[in-house]
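Peer 1: Sending over a structure as structure tokens; questions will come in a sec.
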Amino acid sequence: MSHARPLLSTVAAIALSASLKPRLRTTLPSSSLLSTTTSVLTHAATITRSPRSFLSQLRYASTSSHSPPPTPSSLLPGRRFPLKLTIPVATLVAGTALYNTSDSFRHKALAVRRVLLAAEAVVVTGYDYKFSLGYGNRDLNVNDPEDEKERKARRSRLHQRSAERVMRMMRENGGIYIKLGQHLASLKYLLPVEWTRTMEPLQDKCFPSSIESIQALFLSDLGQPLTEIFSSFDLTPIGVASLAQVHKATLKQTGQEVAVKIQHPALNEFSEIDMVTISHLASFIAWAFPDFEFFWLSEEIQNNLPKELDFRFEARNSARTAANFDRARSQGDPSTVKVPGVIWAQKRVLVMEFMNGSRIDNIEYLKENNILVSEVSKEMARTFSQMIYKDGFLHCDPHPGNLSPEFRLDYARLWTAVIASDEEAIKRHALSLGGIDAYELFACILTGRDWDVIQDAKLTKQVRNKEETSKISQGAGNWLVEIADILARVPRDLLLLFKTNDLLRALDEDIGADDGAQMRTFAVMGQYCAQVIFEAEKNDIKNNILSVTTATTVAATTTVVVSTWTRGFGAWCKAYCKFLYKTLSLDVFVWWIDLSQSNSLLYRILSKFERLLIS
């Protein structure tokens, strides 16, 4: 133990030094530094002497008291300086000097602090869950309804305090951790509501990098200052996200107005250590809770984040997406999507055509420009259905899902089965697409709707109300283990589509889309699914005719070809009629939803006529 104390004191000193942000170093009095460090070292010594006592406080400790700093009189000549403080104080002096003079040491100190913050939040949360879900409910009777209510209330409080603890850590560390928190906030129908609701502030509260750090980035990456590239550059960013910020500028050579996306300079310093930390913490969760499969979350970050931090990927994907929509419009597609052109791209800087507009959830902007919310909702459904089902290229910034034709067909068949409430088909396609046996829960994750609604064929007939939303949120908490298992087993492309579905539903809610938006989205998606299935059936018929015709002998050619073509034509007619019926019925359904939301005279007349027919 004699060797452990100096080592632990050193780590504590490094962690303390890391907590002194650069902007505070010049104003922090030396007495405050000594006071805080003495407290940390004392706490570290306590941990070394009694680790069991420290662990017993993890669940409940939120603040710690600090002993007062030593007075100058205690250090006067004539009084012996305590020998046991020699090593900690020497470590403090050396650590502070290195922190203020060595960039390499400062980087290591800040990295250690980030790791310790993340580890503390995850370990304490893990202990809290382990204790609360096990020993914490020993006083409750599983057969008592009142005790069951108390159990649910305790679980809700557990989710809430755990989410708040983790969110504070993410906000403190920033960067990649903010991105992770935003991802958790978007999984509204996959995680307990306490977690997603607590993480929501991370989606908006992102802080911009200083203009000095931006200038330094341009000099290091491009070898030129801002003034040599841009004739004007707005110092205030027009948008700030977790990984980057966007400035409006004018190119010096051409005079063109552009949007300049710049990566936060600090990300480059800690992204690698942050990814490793998240991976190790996911391993800890898997060890502590074998039933919870959350490796998919760390794997997604490790696979996608390096691409997100290289804007050249985003530039290529953006250009490909623009070409896909241009081709679709040339073939008669009504899409109104306009993708800004890419001017040039470097790893940490992306310059694109500047286009006036606003956020899609800016309700005031939509009203001022006479843009119907229902049309925005419909266009979102068409846009993402086009990318998923027809292009097979889903552009989500730098990590597109390249969806194979086989995957698209299986996914389209699954959605068709869900919309038609065909339980056997749902079961079959859930197994083939994701290897999932729990098809009811799988369908709920896919649609964000309750299984009773899906089973009763009400997906395109009944709006999701508050009661159903509450039921789904509670289910996410009660079925957390099963949901985690499904998310761990499905293909990564399907996980991306789950996230896309959740984001679209959240956007519909954010823009205050009408009650028919949910049903309209399912109907539009159903039309694209029907088209994908029809195209696949046409190809099967064509390939079957070609294979039979090629394999026949010369003598039997006429008879076989006529017979094969006749059967093929019959199969094509059957497939086309089925496709026509689905698309036309869904067209009528979408028209009826739009008419119902307008509450026009025609709708009121038709509604009365419908009620008369039913009666």
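So you can find residues: chains in the structure tokens are A, B, ... in the order shown, residues in each start at 1, and ligands are numbered from 1 in order.
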Hey, what does DSSP flag as alpha helix (DSSP H) within segment 217-303 of chain A? Can you give it to me as a VMD selection string?
Peer 2: chain A and resid 217 to 221 226 to 229 267 to 288 295 to 303
Peer 1: Out of segment 182-367 of chain A, which residues get strand (DSSP E) from DSSP, as JSON, numbers by chain?
Peer 2: {"A": [230, 231, 232, 233, 239, 240, 244, 245, 246, 247, 248, 249, 250, 251, 257, 258, 259, 260, 261, 262, 263, 342, 343, 344, 345, 349, 350, 351, 352, 353]}
Peer 1: Just to be explicit: take each residue in the selection above, keep C-alpha atoms, and write the result as an mmCIF file, in the first residue's frame.
Peer 2:
data_model
loop_
_atom_site.group_PDB
_atom_site.id
_atom_site.type_symbol
_atom_site.label_atom_id
_atom_site.label_comp_id
_atom_site.auth_asym_id
_atom_site.auth_seq_id
_atom_site.Cartn_x
_atom_site.Cartn_y
_atom_site.Cartn_z
ATOM 1 C CA PHE A 230 -12.695 34.762 -47.844
ATOM 2 C CA SER A 231 -13.361 38.418 -48.560
ATOM 3 C CA SER A 232 -15.931 38.378 -45.751
ATOM 4 C CA PHE A 233 -16.461 35.932 -42.911
ATOM 5 C CA GLY A 239 -25.427 27.118 -36.535
ATOM 6 C CA VAL A 240 -23.559 25.141 -33.880
ATOM 7 C CA ALA A 244 -18.957 21.449 -35.982
ATOM 8 C CA GLN A 245 -20.248 24.952 -36.535
ATOM 9 C CA VAL A 246 -21.286 26.814 -39.701
ATOM 10 C CA HIS A 247 -20.350 30.361 -40.730
ATOM 11 C CA LYS A 248 -21.601 32.446 -43.632
ATOM 12 C CA ALA A 249 -18.784 33.783 -45.825
ATOM 13 C CA THR A 250 -17.897 35.107 -49.286
ATOM 14 C CA LEU A 251 -15.186 33.479 -51.401
ATOM 15 C CA GLU A 257 -21.719 33.400 -50.882
ATOM 16 C CA VAL A 258 -20.948 30.115 -49.155
ATOM 17 C CA ALA A 259 -21.646 28.181 -45.981
ATOM 18 C CA VAL A 260 -18.428 27.125 -44.236
ATOM 19 C CA LYS A 261 -18.700 24.103 -41.971
ATOM 20 C CA ILE A 262 -15.767 23.939 -39.540
ATOM 21 C CA GLN A 263 -15.030 21.119 -37.135
ATOM 22 C CA VAL A 342 -20.127 21.335 -52.630
ATOM 23 C CA ILE A 343 -17.464 23.927 -53.530
ATOM 24 C CA TRP A 344 -14.502 22.170 -51.913
ATOM 25 C CA ALA A 345 -13.772 20.018 -48.887
ATOM 26 C CA VAL A 349 -13.473 22.227 -43.407
ATOM 27 C CA LEU A 350 -16.398 21.923 -45.832
ATOM 28 C CA VAL A 351 -17.429 24.806 -48.109
ATOM 29 C CA MET A 352 -20.863 24.572 -49.747
ATOM 30 C CA GLU A 353 -23.274 26.728 -51.699
#
Peer 1: Please report the interatomic distance between atom CA of Glu314 of chain A and atom CA of Gly223 of chain A in Å with one decimal.
Peer 2: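 Atom-to-atom, atom CA of Glu314 of chain A and atom CA of Gly223 of chain A are spaced 22.3 Å apart.
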Peer 1: With only C-alpha atoms as the atoms that count, which of A:Lys390, A:Asn543, A:Met519, A:Pro334 lies nearest to Gln531 of chain A?
Peer 2: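 The closest residue to Gln531 of chain A is A:Lys390.
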Peer 1: Find the residue from A:Leu446, A:Ala315, A:Val337, A:Met387 that sits nearest to Leu495 of chain A; use only C-alpha atoms when measuring.
Peer 2: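 For Leu495 of chain A, the nearest of the given residues is A:Leu446.
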Peer 1: Residues within 7 Å of Ala121 of chain A, please, as a PDB file with C-alpha atoms, in the first residue's frame. Count only C-alpha atoms; anything in the same chain fewer than 3 positions from it doesn't count.
Peer 2:
ATOM      1  CA  LEU A 117     -15.424  11.768 -15.289  1.00  0.00           C
ATOM      2  CA  ALA A 118     -16.842   9.191 -17.705  1.00  0.00           C
ATOM      3  CA  VAL A 124     -21.822   4.867 -10.081  1.00  0.00           C
ATOM      4  CA  THR A 125     -24.796   4.409 -12.413  1.00  0.00           C
ATOM      5  CA  ARG A 165     -25.870  11.836 -13.771  1.00  0.00           C
ATOM      6  CA  VAL A 166     -24.752  10.662 -17.212  1.00  0.00           C
ATOM      7  CA  MET A 169     -20.872  14.042 -17.453  1.00  0.00           C
TER       8      MET A 169
END
